$ cat start-v8.cif   # mmCIF, C-alpha atoms
data_entry
#
loop_
_atom_site.label_atom_id
_atom_site.label_comp_id
_atom_site.auth_asym_id
_atom_site.auth_seq_id
_atom_site.Cartn_x
_atom_site.Cartn_y
_atom_site.Cartn_z
CA MET A 28 -21.72 -17.79 65.47
CA SER A 29 -19.04 -18.91 63.04
CA GLY A 30 -15.69 -20.30 64.14
CA ARG A 31 -13.92 -17.22 62.83
CA PRO A 32 -13.17 -14.60 65.46
CA ILE A 33 -14.46 -11.75 63.29
CA SER A 34 -17.55 -11.53 61.15
CA VAL A 35 -19.01 -8.71 59.13
CA GLU A 36 -22.78 -8.64 59.00
CA PRO A 37 -24.26 -8.75 55.47
CA ALA A 38 -25.71 -5.25 55.92
CA ALA A 39 -22.20 -3.94 56.59
CA GLN A 40 -20.60 -5.40 53.46
CA ASP A 41 -20.81 -2.03 51.67
CA ASN A 42 -19.68 -0.07 54.70
CA GLY A 43 -16.02 0.73 54.03
CA LEU A 44 -15.29 1.53 57.67
CA ALA A 45 -16.70 -1.85 58.71
CA LEU A 46 -14.54 -3.64 56.16
CA MET A 47 -11.46 -1.67 57.15
CA LEU A 48 -11.84 -2.23 60.89
CA SER A 49 -12.53 -5.93 60.48
CA GLU A 50 -9.55 -6.31 58.15
CA LEU A 51 -7.31 -4.23 60.40
CA ILE A 52 -8.18 -6.16 63.54
CA GLY A 53 -8.01 -9.50 61.75
CA GLN A 54 -4.62 -8.69 60.29
CA ASN A 55 -3.30 -7.48 63.64
CA LEU A 56 -4.45 -10.69 65.32
CA SER A 57 -2.82 -12.72 62.59
CA ASP A 58 0.45 -10.77 62.74
CA ASP A 59 0.57 -10.71 66.52
CA PRO A 60 -1.15 -13.72 68.08
CA ASP A 61 -0.31 -12.30 71.52
CA ARG A 62 -3.30 -10.01 71.00
CA GLY A 63 -5.65 -12.97 70.74
CA PRO A 64 -6.45 -13.07 74.48
CA LEU A 65 -7.52 -9.41 74.23
CA LEU A 66 -10.48 -10.39 72.13
CA GLU A 67 -11.40 -13.06 74.66
CA ARG A 68 -11.60 -10.43 77.39
CA MET A 69 -13.67 -7.89 75.46
CA GLU A 70 -17.39 -7.73 76.08
CA GLY A 71 -19.66 -4.96 74.87
CA ARG A 72 -20.50 -2.71 71.98
CA VAL A 73 -18.41 0.14 70.61
CA ALA A 74 -19.92 2.47 68.04
CA VAL A 75 -17.45 4.30 65.82
CA VAL A 76 -18.72 7.30 63.91
CA ALA A 77 -16.49 8.78 61.20
CA GLU A 78 -18.35 12.04 61.01
CA ASP A 79 -16.92 13.58 57.85
CA ALA A 80 -17.26 10.32 55.97
CA GLU A 81 -20.79 9.88 57.31
CA VAL A 82 -20.25 6.24 58.15
CA THR A 83 -20.93 4.44 61.40
CA VAL A 84 -20.19 0.94 62.61
CA THR A 85 -20.87 -1.01 65.75
CA LEU A 86 -18.21 -3.38 66.98
CA HIS A 87 -19.92 -6.00 69.09
CA PHE A 88 -17.48 -8.00 71.21
CA SER A 89 -18.90 -11.09 72.83
CA GLY A 90 -17.48 -14.47 73.84
CA GLY A 91 -14.18 -14.00 72.03
CA HIS A 92 -15.92 -12.99 68.83
CA LEU A 93 -16.24 -9.64 67.08
CA ARG A 94 -19.31 -8.93 65.01
CA VAL A 95 -19.09 -5.80 62.86
CA GLU A 96 -22.41 -4.16 62.11
CA ASP A 97 -23.56 -1.27 59.95
CA GLY A 98 -24.75 1.78 61.85
CA ILE A 99 -25.50 1.81 65.55
CA VAL A 100 -26.93 -1.52 66.61
CA GLY A 101 -28.06 -1.99 70.18
CA LEU A 102 -26.99 0.26 73.02
CA PRO A 103 -23.27 1.00 72.73
CA ASP A 104 -21.13 0.88 75.87
CA LEU A 105 -18.84 3.35 74.14
CA THR A 106 -19.38 5.74 71.27
CA VAL A 107 -16.40 7.29 69.53
CA ARG A 108 -17.07 10.25 67.25
CA ALA A 109 -14.18 11.54 65.19
CA SER A 110 -13.07 12.65 61.77
CA THR A 111 -11.67 10.12 59.33
CA GLU A 112 -8.20 11.38 60.10
CA ASP A 113 -8.65 10.94 63.83
CA VAL A 114 -10.16 7.47 63.44
CA VAL A 115 -6.92 6.59 61.65
CA GLN A 116 -4.97 8.32 64.42
CA MET A 117 -6.51 5.92 66.93
CA SER A 118 -4.68 3.10 65.21
CA LEU A 119 -1.39 4.98 65.32
CA VAL A 120 -1.24 5.04 69.12
CA GLU A 121 1.93 3.35 70.33
CA MET A 122 1.47 0.78 73.05
CA GLY A 123 3.69 0.71 76.10
CA VAL A 124 4.06 -1.36 79.22
CA LEU A 125 1.18 -3.50 80.46
CA GLY A 126 -0.56 -3.07 77.14
CA LEU A 127 -1.41 0.53 77.87
CA PRO A 128 -0.96 3.40 75.43
CA ASN A 129 2.53 4.88 75.61
CA PRO A 130 2.01 8.43 76.91
CA ARG A 131 5.30 9.50 75.34
CA GLY A 132 4.36 8.28 71.89
CA GLU A 133 3.62 10.79 69.15
CA GLY A 134 0.45 8.95 68.16
CA PHE A 135 -0.88 9.03 71.70
CA ARG A 136 -0.11 12.73 72.11
CA LYS A 137 -1.88 13.56 68.85
CA LEU A 138 -4.92 11.58 69.92
CA LEU A 139 -4.94 13.21 73.35
CA SER A 140 -4.78 16.62 71.71
CA ALA A 141 -7.70 15.68 69.45
CA MET A 142 -9.70 14.61 72.51
CA ARG A 143 -8.88 17.79 74.42
CA THR A 144 -10.00 19.97 71.55
CA GLY A 145 -13.18 17.97 71.03
CA ARG A 146 -12.20 16.61 67.63
CA VAL A 147 -12.48 13.13 69.13
CA ARG A 148 -15.35 12.57 71.51
CA VAL A 149 -15.78 9.40 73.52
CA ALA A 150 -19.05 8.79 75.31
CA GLY A 151 -19.39 5.98 77.81
CA GLY A 152 -19.07 5.10 81.46
CA LEU A 153 -15.82 4.69 83.34
CA ALA A 154 -16.52 0.98 83.50
CA SER A 155 -15.95 0.91 79.75
CA LEU A 156 -12.40 2.23 80.03
CA PRO A 157 -10.85 -1.27 79.79
CA LEU A 158 -12.89 -1.87 76.62
CA MET A 159 -11.48 1.32 75.11
CA THR A 160 -7.92 0.46 76.11
CA ARG A 161 -8.19 -3.03 74.67
CA LEU A 162 -9.74 -1.73 71.47
CA THR A 163 -6.87 0.73 71.10
CA ARG A 164 -4.41 -2.11 71.47
CA LEU A 165 -6.36 -4.27 69.04
CA VAL A 166 -6.28 -1.66 66.26
CA SER A 167 -2.81 -0.27 66.89
CA VAL A 168 -0.46 -0.51 63.92
CA ALA A 169 2.19 1.86 65.23
CA GLY A 170 5.74 0.80 64.64
CA ARG A 171 4.91 -2.02 62.32
CA GLY A 172 4.85 -2.71 58.60
CA ARG A 173 5.09 -5.70 56.36
CA ASP A 174 5.70 -6.71 52.79
CA THR A 175 2.93 -8.84 51.41
CA LYS A 176 4.38 -10.48 48.34
CA THR A 177 7.99 -11.39 48.91
CA MET B 8 -1.91 21.87 27.57
CA ALA B 9 -3.85 18.82 26.47
CA GLY B 10 -4.37 16.21 29.11
CA HIS B 11 -3.56 12.55 29.03
CA PRO B 12 -6.52 10.19 28.93
CA PHE B 13 -7.13 8.56 32.29
CA PRO B 14 -6.20 5.76 32.52
CA SER B 15 -3.56 5.27 29.84
CA ALA B 16 0.14 4.63 29.39
CA ALA B 17 0.67 8.35 28.80
CA TRP B 18 -1.17 9.24 32.01
CA ALA B 19 0.87 6.66 33.93
CA ALA B 20 4.14 8.08 32.58
CA ALA B 21 3.10 11.60 33.51
CA TYR B 22 2.03 10.35 36.94
CA LYS B 23 5.48 8.90 37.50
CA ASP B 24 7.00 12.30 36.74
CA ALA B 25 4.49 14.06 38.98
CA LEU B 26 5.36 11.76 41.88
CA ASN B 27 9.06 12.28 41.39
CA ASN B 28 8.56 16.04 41.25
CA ASN B 29 6.55 16.13 44.47
CA PRO B 30 8.89 16.78 47.42
CA ASP B 31 6.07 16.11 49.86
CA TYR B 32 5.70 12.62 48.42
CA ALA B 33 9.47 12.07 48.63
CA GLU B 34 9.30 12.96 52.31
CA ALA B 35 6.12 11.08 53.20
CA GLY B 36 7.14 7.99 51.26
CA ARG B 37 10.81 7.88 52.16
CA ASP B 38 10.36 4.87 54.48
CA TRP B 39 8.06 3.01 52.11
CA THR B 40 9.78 -0.26 51.20
CA HIS B 41 6.70 -2.42 51.06
CA GLY B 42 6.29 -2.84 47.34
CA THR B 43 4.14 -1.93 44.42
CA VAL B 44 0.71 -0.31 44.51
CA ALA B 45 -1.97 -0.86 41.88
CA MET B 46 -4.83 1.53 41.14
CA ILE B 47 -7.43 -0.66 39.49
CA VAL B 48 -10.23 0.88 37.44
CA LYS B 49 -13.23 -1.35 36.95
CA ALA B 50 -14.48 -1.99 33.44
CA ASP B 51 -17.24 0.29 32.17
CA ALA B 52 -18.54 -0.47 28.71
CA ALA B 53 -20.33 2.89 28.50
CA LEU B 54 -16.95 4.59 28.74
CA GLY B 55 -15.21 2.21 26.36
CA LEU B 56 -13.35 0.44 29.16
CA ASP B 57 -13.90 -3.14 28.11
CA GLN B 58 -11.91 -4.71 30.90
CA ASP B 59 -10.57 -3.80 34.31
CA MET B 60 -7.37 -1.81 33.83
CA ALA B 61 -4.74 -0.58 36.23
CA VAL B 62 -1.78 1.64 36.83
CA VAL B 63 0.89 -0.15 38.83
CA LEU B 64 3.26 2.08 40.75
CA ASP B 65 6.68 0.77 41.63
CA VAL B 66 7.27 3.10 44.54
CA HIS B 67 10.23 2.76 46.83
CA ALA B 68 11.75 5.03 49.44
CA GLY B 69 9.94 8.12 48.22
CA GLU B 70 10.70 7.52 44.55
CA CYS B 71 8.50 6.21 41.78
CA ARG B 72 10.71 3.84 39.80
CA ALA B 73 8.02 2.91 37.28
CA ALA B 74 4.35 3.44 36.56
CA ASP B 75 2.86 0.93 34.16
CA PHE B 76 -0.55 0.85 32.53
CA VAL B 77 -1.56 -2.80 32.47
CA SER B 78 -4.55 -5.10 32.64
CA ALA B 79 -6.01 -5.59 36.09
CA ASP B 80 -5.09 -9.28 35.98
CA THR B 81 -1.45 -8.37 35.44
CA ALA B 82 -1.70 -5.77 38.19
CA ARG B 83 -3.19 -8.22 40.67
CA ASP B 84 -0.37 -10.60 39.89
CA ARG B 85 2.37 -8.01 40.21
CA ALA B 86 1.24 -5.64 42.90
CA ASN B 87 1.71 -5.95 46.63
CA PHE B 88 -1.23 -3.62 47.24
CA ALA B 89 -4.32 -3.09 45.11
CA ILE B 90 -7.02 -0.46 45.44
CA GLU B 91 -10.08 -0.89 43.23
CA GLY B 92 -12.92 1.36 42.26
CA VAL B 93 -15.29 2.26 39.47
CA TYR B 94 -14.16 4.88 36.97
CA GLU B 95 -16.39 7.63 38.33
CA ARG B 96 -14.93 7.30 41.83
CA TRP B 97 -11.34 7.44 40.64
CA ALA B 98 -12.12 10.39 38.38
CA GLU B 99 -13.80 12.25 41.24
CA LEU B 100 -10.88 11.66 43.56
CA ILE B 101 -8.31 12.77 41.02
CA ARG B 102 -10.32 15.78 39.89
CA GLU B 103 -11.48 16.97 43.28
CA GLY B 104 -8.83 15.62 45.61
CA GLY B 105 -9.56 14.36 49.07
CA ASP B 106 -8.38 11.67 51.35
CA PRO B 107 -7.99 8.18 49.88
CA ILE B 108 -8.42 6.64 53.34
CA LYS B 109 -11.74 8.45 53.66
CA ALA B 110 -12.73 7.04 50.28
CA LEU B 111 -11.92 3.57 51.60
CA MET B 112 -13.98 4.19 54.74
CA GLN B 113 -16.90 5.30 52.63
CA GLY B 114 -16.61 2.22 50.46
CA ARG B 115 -16.00 4.36 47.37
CA LEU B 116 -12.73 2.49 46.86
CA LYS B 117 -11.84 -0.97 48.11
CA MET B 118 -8.49 -2.36 49.09
CA THR B 119 -8.50 -5.80 47.54
CA GLN B 120 -4.91 -6.81 48.04
CA GLY B 121 -2.26 -6.05 50.61
CA HIS B 122 -1.65 -5.50 54.27
CA LEU B 123 -4.01 -2.83 55.58
CA PRO B 124 -2.04 -2.02 58.76
CA THR B 125 0.89 -1.04 56.55
CA ILE B 126 -1.26 1.28 54.44
CA ILE B 127 -2.62 2.88 57.62
CA ARG B 128 0.91 3.62 58.78
CA TYR B 129 1.57 5.45 55.52
CA VAL B 130 -1.56 7.54 55.43
CA GLU B 131 0.33 10.72 54.59
CA SER B 132 2.11 8.94 51.77
CA SER B 133 -1.22 7.84 50.31
CA LYS B 134 -2.47 11.42 50.45
CA GLN B 135 0.58 12.56 48.53
CA LEU B 136 0.03 9.82 45.96
CA LEU B 137 -3.35 11.35 45.31
CA ALA B 138 -2.05 14.92 45.42
CA SER B 139 0.49 13.97 42.77
CA ALA B 140 -2.22 12.42 40.61
CA GLN B 141 -4.06 15.73 40.72
CA ARG B 142 -1.05 17.44 39.13
CA VAL B 143 -1.21 15.28 36.03
CA PRO B 144 -3.05 17.01 33.18
CA ALA B 145 -5.84 14.57 32.53
CA GLU B 146 -8.75 14.02 30.23
CA PHE B 147 -11.51 11.95 31.71
CA LEU B 148 -13.70 9.61 29.73
CA VAL B 149 -17.34 10.50 29.30
CA PRO B 150 -20.17 8.17 28.27
#

$ encode --input "start-v8.cif" --output "structure tokens"
Amino acid sequence: MSGRPISVEPAAQDNGLALMLSELIGQNLSDDPDRGPLLERMEGRVAVVAEDAEVTVTLHFSGGHLRVEDGIVGLPDLTVRASTEDVVQMSLVEMGVLGLPNPRGEGFRKLLSAMRTGRVRVAGGLASLPLMTRLTRLVSVAGRGRDTKT
Amino acid sequence: MAGHPFPSAAWAAAYKDALNNNPDYAEAGRDWTHGTVAMIVKADAALGLDQDMAVVLDVHAGECRAADFVSADTARDRANFAIEGVYERWAELIREGGDPIKALMQGRLKMTQGHLPTIIRYVESSKQLLASAQRVPAEFLVP
């Protein structure tokens, strides 16, 4: 394992979703170091399937490190199936108290609606709920923005 | 009406007008204050594109203040955000429409410069950037 908290497996280098999620999480950790301990507490595999784009990644959290892999690798603890648009929506969920999604936020309500109508489907045991909550917090970009060359 | 060759200075100028005549872009991009966006087209000798070229959009608060056709090196130096792809991918997207974020997820385009979380927050704005590009009469290069 490298010293970097996130690595993208060579086979995933042409997987745009893999590159986006690794960049998004890396940037969020860099912008908000308070999220660092989240990664430390995450253990398990999350498969994300962007169905309309026909791309799949596995996010493998282990020992404070995230390895991003192409396709489904190993047995995922959670599998999220959604459209491209709803995968993006997952990162627009506003976070509230105790690091939980803000139920009053527009992003959360949109995601909930997508789950109710079956546009977003999450498969996994209840024991994986903390993993899902932490992942949501890790990818959330709601309410933030930044200039990059000023 | 004859189209403007894509990419070219004429296409870029027409793109600027298309953006400024798109009320949906004005609305979706009204909070965008994060700087310039470059669309970089990779070189393709078969098409006569000898070097990477780009259109740099100076977009601010729902308005396109300038759209310049420049070399990719200049674009990388000037732009806050850069999206790169081969000619065929850009041509497909502009001709057929679609979702630029989906194109990024599929690896058809790559974001090579800029702050991805910011782009994600402006997903509707990026869709309207593409929708505006579709309104520009264009001629696409063929081998």

$ closest_atom_pairs --input "start-v8.cif" --of "chain A" --to "chain B" --cutoff "12 Å" --atoms "all atoms listed in the file" --output "CSV"
residue,atom,partner,partner_atom,distance
A:Ala39,CA,B:Gly114,CA,10.3
A:Gln40,CA,B:Gly114,CA,9.1
A:Asp41,CA,B:Gly114,CA,6.1
A:Asn42,CA,B:Gly114,CA,5.7
A:Gly43,CA,B:Gly114,CA,3.9
A:Leu44,CA,B:Met112,CA,4.2
A:Ala45,CA,B:Met112,CA,7.7
A:Leu46,CA,B:Met112,CA,8.0
A:Met47,CA,B:Met112,CA,6.8
A:Leu48,CA,B:Met112,CA,9.1
A:Ser49,CA,B:Leu123,CA,10.3
A:Glu50,CA,B:Leu123,CA,7.0
A:Leu51,CA,B:Pro124,CA,5.9
A:Ile52,CA,B:Pro124,CA,8.8
A:Gly53,CA,B:Leu123,CA,9.9
A:Gln54,CA,B:Pro124,CA,7.3
A:Asn55,CA,B:Pro124,CA,7.4
A:Leu56,CA,B:Pro124,CA,11.1
A:Ser57,CA,B:His122,CA,11.1
A:Asp58,CA,B:Pro124,CA,9.9
A:Asp59,CA,B:Pro124,CA,11.9
A:Val75,CA,B:Met112,CA,11.6
A:Val76,CA,B:Met112,CA,10.8
A:Ala77,CA,B:Met112,CA,8.3
A:Glu78,CA,B:Lys109,CA,10.5
A:Asp79,CA,B:Lys109,CA,8.4
A:Ala80,CA,B:Gln113,CA,6.0
A:Glu81,CA,B:Gln113,CA,7.6
A:Val82,CA,B:Gln113,CA,6.5
A:Thr83,CA,B:Met112,CA,9.6
A:Val84,CA,B:Met112,CA,10.5
A:Asp97,CA,B:Gln113,CA,11.9
A:Ser110,CA,B:Lys109,CA,9.2
A:Thr111,CA,B:Lys109,CA,5.9
A:Glu112,CA,B:Lys109,CA,7.9
A:Asp113,CA,B:Lys109,CA,10.9
A:Val114,CA,B:Lys109,CA,10.0
A:Val115,CA,B:Ile127,CA,7.0
A:Gln116,CA,B:Ile127,CA,9.0
A:Met117,CA,B:Ile127,CA,10.5
A:Ser118,CA,B:Ile127,CA,7.9
A:Leu119,CA,B:Arg128,CA,7.1
A:Val120,CA,B:Arg128,CA,10.7
A:Glu121,CA,B:Arg128,CA,11.6
A:Gly134,CA,B:Arg128,CA,10.8
A:Leu165,CA,B:Pro124,CA,11.4
A:Val166,CA,B:Pro124,CA,8.6
A:Ser167,CA,B:Pro124,CA,8.4
A:Val168,CA,B:Pro124,CA,5.6
A:Ala169,CA,B:Arg128,CA,6.8
A:Gly170,CA,B:Arg128,CA,8.1
A:Arg171,CA,B:Thr125,CA,7.1
A:Gly172,CA,B:Thr125,CA,4.8
A:Arg173,CA,B:Thr125,CA,6.3
A:Asp174,CA,B:His41,CA,4.7
A:Thr175,CA,B:Asn87,CA,5.7
A:Lys176,CA,B:Asn87,CA,5.5
A:Thr177,CA,B:Asn87,CA,8.6

$ atom_distance --input "start-v8.cif" --atom1 "CA of Asn27 (chain B)" --atom2 "CA of Ile47 (chain B)"
21.0 Å

$ closest_residue --input "start-v8.cif" --among "B:Arg102, B:Lys49, B:Lys23, B:Arg96" --to "Glu70 (chain B)" --atoms "only C-alpha atoms"
B:Lys23

$ atom_distance --input "start-v8.cif" --atom1 "CA of Ser89 (chain A)" --atom2 "CA of Arg72 (chain A)"
8.6 Å

$ resolve_selection --input "start-v8.cif" --expression "the PyMOL selection byres ((chain B and resi 32) around 12)" --output "MDAnalysis selection string"
chainID B and resid 23:31 33:39 66:71 129:140

$ atom_distance --input "start-v8.cif" --atom1 "CA of Met122 (chain A)" --atom2 "CA of Ser34 (chain A)"
25.6 Å

$ resolve_selection --input "start-v8.cif" --expression "the PyMOL selection byres ((chain B and resi 46) around 9)" --output "PDB file with C-alpha atoms, in the frame of the given file"
ATOM      1  CA  VAL B  44       0.710  -0.310  44.510  1.00  0.00           C
ATOM      2  CA  ALA B  45      -1.970  -0.860  41.880  1.00  0.00           C
ATOM      3  CA  ILE B  47      -7.430  -0.660  39.490  1.00  0.00           C
ATOM      4  CA  VAL B  48     -10.230   0.880  37.440  1.00  0.00           C
ATOM      5  CA  MET B  60      -7.370  -1.810  33.830  1.00  0.00           C
ATOM      6  CA  ALA B  61      -4.740  -0.580  36.230  1.00  0.00           C
ATOM      7  CA  VAL B  62      -1.780   1.640  36.830  1.00  0.00           C
ATOM      8  CA  VAL B  63       0.890  -0.150  38.830  1.00  0.00           C
ATOM      9  CA  LEU B  64       3.260   2.080  40.750  1.00  0.00           C
ATOM     10  CA  ALA B  79      -6.010  -5.590  36.090  1.00  0.00           C
ATOM     11  CA  ALA B  82      -1.700  -5.770  38.190  1.00  0.00           C
ATOM     12  CA  PHE B  88      -1.230  -3.620  47.240  1.00  0.00           C
ATOM     13  CA  ALA B  89      -4.320  -3.090  45.110  1.00  0.00           C
ATOM     14  CA  ILE B  90      -7.020  -0.460  45.440  1.00  0.00           C
ATOM     15  CA  GLU B  91     -10.080  -0.890  43.230  1.00  0.00           C
ATOM     16  CA  GLY B  92     -12.920   1.360  42.260  1.00  0.00           C
ATOM     17  CA  TRP B  97     -11.340   7.440  40.640  1.00  0.00           C
TER      18      TRP B  97
END

$ residues_around --input "start-v8.cif" --residues "Asp104 (chain A)" --least-positions-apart "5" --cutoff "9 Å" --atoms "all atoms listed in the file" --output "MDAnalysis selection string"
chainID A and resid 71:74 150:152 154:155 158

$ axis_aligned_box --input "start-v8.cif" --around "region 121-135 of chain A" --padding-each-side "6 Å" --output "lines of an AutoDock Vina configuration file"
center_x = 1.9
center_y = 3.6
center_z = 74.3
size_x = 18.7
size_y = 26.3
size_z = 24.3

$ resolve_selection --input "start-v8.cif" --expression "the PyMOL selection byres ((chain A and resi 148) around 8)" --output "list in words"
Thr106, Val107, Arg108, Ala109, Met142, Gly145, Arg146, Val147, Val149 and Ala150 of chain A

$ write_last_selection --input "start-v8.cif" --atoms "C-alpha atoms" --output "PDB file, keeping the file's coordinate frame"
ATOM      1  CA  THR A 106     -19.380   5.740  71.270  1.00  0.00           C
ATOM      2  CA  VAL A 107     -16.400   7.290  69.530  1.00  0.00           C
ATOM      3  CA  ARG A 108     -17.070  10.250  67.250  1.00  0.00           C
ATOM      4  CA  ALA A 109     -14.180  11.540  65.190  1.00  0.00           C
ATOM      5  CA  MET A 142      -9.700  14.610  72.510  1.00  0.00           C
ATOM      6  CA  GLY A 145     -13.180  17.970  71.030  1.00  0.00           C
ATOM      7  CA  ARG A 146     -12.200  16.610  67.630  1.00  0.00           C
ATOM      8  CA  VAL A 147     -12.480  13.130  69.130  1.00  0.00           C
ATOM      9  CA  VAL A 149     -15.780   9.400  73.520  1.00  0.00           C
ATOM     10  CA  ALA A 150     -19.050   8.790  75.310  1.00  0.00           C
TER      11      ALA A 150
END

$ residues_around --input "start-v8.cif" --residues "Val124 (chain A)" --least-positions-apart "6" --cutoff "12 Å" --atoms "only C-alpha atoms" --output "ChimeraX atom specification"
/A:130-131,164

$ write_last_selection --input "start-v8.cif" --atoms "C-alpha atoms" --output "PDB file, keeping the file's coordinate frame"
ATOM      1  CA  PRO A 130       2.010   8.430  76.910  1.00  0.00           C
ATOM      2  CA  ARG A 131       5.300   9.500  75.340  1.00  0.00           C
ATOM      3  CA  ARG A 164      -4.410  -2.110  71.470  1.00  0.00           C
TER       4      ARG A 164
END
